[in-house]
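J.: Handing over input08.tsv, TSV, C-alpha atoms.
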```tsv
chain	number	residue	atom	x	y	z
A	1	MET	CA	-58.05	-14.36	110.43
A	2	GLU	CA	-56.15	-14.06	113.69
A	3	GLU	CA	-56.84	-16.77	116.25
A	4	LYS	CA	-58.57	-15.51	119.39
A	5	TYR	CA	-58.00	-16.70	122.93
A	6	VAL	CA	-60.07	-16.82	126.12
A	7	VAL	CA	-58.82	-16.59	129.70
A	8	VAL	CA	-60.49	-19.09	132.02
A	9	THR	CA	-60.80	-18.55	135.77
A	10	GLU	CA	-62.62	-20.68	138.30
A	11	ASP	CA	-65.97	-19.09	137.52
A	12	LYS	CA	-65.84	-17.29	134.17
A	13	PHE	CA	-64.54	-17.00	130.61
A	14	SER	CA	-63.17	-13.71	129.34
A	15	GLU	CA	-64.26	-12.24	126.04
A	16	PRO	CA	-62.19	-13.51	123.07
A	17	MET	CA	-58.98	-11.49	122.60
A	18	SER	CA	-55.63	-11.55	120.86
A	19	LYS	CA	-52.82	-13.71	122.21
A	20	ALA	CA	-50.96	-10.64	123.54
A	21	GLU	CA	-54.08	-9.39	125.34
A	22	ALA	CA	-54.70	-12.85	126.80
A	23	ILE	CA	-51.14	-13.04	128.13
A	24	GLU	CA	-51.45	-9.58	129.72
A	25	THR	CA	-54.80	-10.54	131.28
A	26	LEU	CA	-53.25	-13.74	132.63
A	27	LYS	CA	-50.39	-11.72	134.18
A	28	ASN	CA	-52.90	-9.35	135.80
A	29	TYR	CA	-54.77	-12.28	137.33
A	30	ASP	CA	-51.48	-13.75	138.56
A	31	ARG	CA	-50.62	-10.46	140.31
A	32	GLN	CA	-53.96	-10.81	142.13
A	33	ASN	CA	-53.20	-14.47	143.03
A	34	ILE	CA	-56.07	-15.68	140.83
A	35	THR	CA	-55.47	-18.93	138.97
A	36	ALA	CA	-56.23	-18.56	135.27
A	37	TYR	CA	-55.49	-20.36	132.01
A	38	ILE	CA	-55.44	-19.39	128.33
A	39	ILE	CA	-57.39	-21.51	125.87
A	40	SER	CA	-58.43	-20.99	122.26
A	41	GLU	CA	-61.79	-19.46	121.47
A	42	GLU	CA	-62.77	-22.73	119.77
A	43	GLU	CA	-61.97	-24.72	122.92
A	44	ALA	CA	-64.04	-22.30	125.02
A	45	LYS	CA	-66.99	-22.79	122.66
A	46	ARG	CA	-66.54	-26.56	122.88
A	47	ILE	CA	-66.48	-26.80	126.69
A	48	LYS	CA	-69.16	-24.05	127.10
A	49	SER	CA	-68.55	-23.41	130.82
A	50	PRO	CA	-65.59	-23.00	133.19
A	51	ASP	CA	-67.08	-25.92	135.14
A	52	ASN	CA	-66.16	-28.17	132.20
A	53	PHE	CA	-62.52	-27.01	132.09
A	54	ASN	CA	-60.11	-29.74	133.16
A	55	THR	CA	-57.06	-28.37	134.95
A	56	PRO	CA	-53.90	-29.45	133.15
A	57	LYS	CA	-52.12	-32.46	134.69
A	58	TRP	CA	-48.75	-30.72	134.68
A	59	GLU	CA	-49.84	-28.29	137.38
```
Mind converting the file's structure to structure tokens?

T.:
Amino acid sequence: MEEKYVVVTEDKFSEPMSKAEAIETLKNYDRQNITAYIISEEEAKRIKSPDNFNTPKWE
């Protein structure tokens, strides 16, 4: 089973998608100057809401 990924923005999660689709979605958000991150589908289920997403420290 292929691992699925979710793109997180400030206010929403995307639907689960392949890694390639997630990267393309992230690039599209970047072109629109929207900050977004890719996380695993399992992580999205664990945190349940974009409000619970902790921005990485390396940013």

J.: In Å, with one decimal, what is the gap from CA of Lys27 (chain A) to CA of Val8 (chain A)?

T.: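 We find that CA of Lys27 (chain A) and CA of Val8 (chain A) lie 12.7 Å from each other.
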
J.: Can you tell me how far CA of Gln32 (chain A) sits from CA of Arg46 (chain A), in Å to one decimal?

T.: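 Computed distance, CA of Gln32 (chain A) to CA of Arg46 (chain A), equals 27.9 Å.
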
J.: Rounded to one decimal, what separation in Å do you get between CA of Pro16 (chain A) and CA of Asn28 (chain A)?

T.: 16.3 Å

J.: Measuring between only C-alpha atoms, which one of A:Leu26, A:Glu2, A:Glu10, A:Glu15 shows the shortest distance to Lys45 (chain A)?

T.: A:Glu15

J.: Identify, on the basis of all atoms listed in the file, every residue whose closest approach to Val7 (chain A) does not exceed 7 Å; exclude the query and any residue fewer than 3 positions from it along the same chain; express the result as a PyMOL selection string.

T.: chain A and resi 13-14+22+26+36-39

J.: Using the block above, I'd like region 5-55 of chain A written out, keeping C-alpha atoms and formatting it as a PDB file, in the first residue's frame.

T.:
```pdb
ATOM      1  CA  TYR A   5       0.235  12.528   2.188  1.00  0.00           C
ATOM      2  CA  VAL A   6      -1.788  15.583   3.189  1.00  0.00           C
ATOM      3  CA  VAL A   7      -0.979  19.228   2.478  1.00  0.00           C
ATOM      4  CA  VAL A   8      -1.595  21.492   5.467  1.00  0.00           C
ATOM      5  CA  THR A   9      -2.339  25.202   5.125  1.00  0.00           C
ATOM      6  CA  GLU A  10      -3.257  27.661   7.843  1.00  0.00           C
ATOM      7  CA  ASP A  11      -6.909  26.652   7.804  1.00  0.00           C
ATOM      8  CA  LYS A  12      -7.328  23.280   6.090  1.00  0.00           C
ATOM      9  CA  PHE A  13      -6.054  19.803   5.251  1.00  0.00           C
ATOM     10  CA  SER A  14      -6.113  18.549   1.681  1.00  0.00           C
ATOM     11  CA  GLU A  15      -7.501  15.157   0.786  1.00  0.00           C
ATOM     12  CA  PRO A  16      -4.912  12.348   1.045  1.00  0.00           C
ATOM     13  CA  MET A  17      -2.817  12.033  -2.132  1.00  0.00           C
ATOM     14  CA  SER A  18       0.351  10.498  -3.495  1.00  0.00           C
ATOM     15  CA  LYS A  19       3.723  12.058  -2.704  1.00  0.00           C
ATOM     16  CA  ALA A  20       4.041  13.433  -6.261  1.00  0.00           C
ATOM     17  CA  GLU A  21       0.573  15.021  -6.082  1.00  0.00           C
ATOM     18  CA  ALA A  22       1.363  16.512  -2.668  1.00  0.00           C
ATOM     19  CA  ILE A  23       4.582  18.057  -3.978  1.00  0.00           C
ATOM     20  CA  GLU A  24       2.756  19.554  -6.971  1.00  0.00           C
ATOM     21  CA  THR A  25       0.024  20.928  -4.685  1.00  0.00           C
ATOM     22  CA  LEU A  26       2.686  22.436  -2.429  1.00  0.00           C
ATOM     23  CA  LYS A  27       4.336  24.107  -5.445  1.00  0.00           C
ATOM     24  CA  ASN A  28       0.965  25.524  -6.535  1.00  0.00           C
ATOM     25  CA  TYR A  29       0.401  27.005  -3.079  1.00  0.00           C
ATOM     26  CA  ASP A  30       3.922  28.454  -3.116  1.00  0.00           C
ATOM     27  CA  ARG A  31       3.209  30.193  -6.447  1.00  0.00           C
ATOM     28  CA  GLN A  32       0.215  31.810  -4.718  1.00  0.00           C
ATOM     29  CA  ASN A  33       2.380  32.826  -1.714  1.00  0.00           C
ATOM     30  CA  ILE A  34       0.426  30.487   0.572  1.00  0.00           C
ATOM     31  CA  THR A  35       2.448  28.730   3.259  1.00  0.00           C
ATOM     32  CA  ALA A  36       1.833  24.984   3.220  1.00  0.00           C
ATOM     33  CA  TYR A  37       3.463  21.808   4.518  1.00  0.00           C
ATOM     34  CA  ILE A  38       3.340  18.122   3.588  1.00  0.00           C
ATOM     35  CA  ILE A  39       2.619  15.591   6.322  1.00  0.00           C
ATOM     36  CA  SER A  40       1.682  11.919   6.262  1.00  0.00           C
ATOM     37  CA  GLU A  41      -1.956  10.896   6.270  1.00  0.00           C
ATOM     38  CA  GLU A  42      -1.365   9.199   9.640  1.00  0.00           C
ATOM     39  CA  GLU A  43      -0.006  12.436  11.136  1.00  0.00           C
ATOM     40  CA  ALA A  44      -3.026  14.357   9.819  1.00  0.00           C
ATOM     41  CA  LYS A  45      -5.347  11.836  11.484  1.00  0.00           C
ATOM     42  CA  ARG A  46      -3.372  12.157  14.721  1.00  0.00           C
ATOM     43  CA  ILE A  47      -3.457  15.966  14.935  1.00  0.00           C
ATOM     44  CA  LYS A  48      -7.061  16.165  13.570  1.00  0.00           C
ATOM     45  CA  SER A  49      -7.009  19.892  12.757  1.00  0.00           C
ATOM     46  CA  PRO A  50      -4.657  22.434  11.159  1.00  0.00           C
ATOM     47  CA  ASP A  51      -4.906  24.348  14.454  1.00  0.00           C
ATOM     48  CA  ASN A  52      -2.942  21.514  16.087  1.00  0.00           C
ATOM     49  CA  PHE A  53      -0.122  21.599  13.505  1.00  0.00           C
ATOM     50  CA  ASN A  54       3.137  22.872  14.978  1.00  0.00           C
ATOM     51  CA  THR A  55       5.208  24.816  12.470  1.00  0.00           C
TER      52      THR A  55
END
```
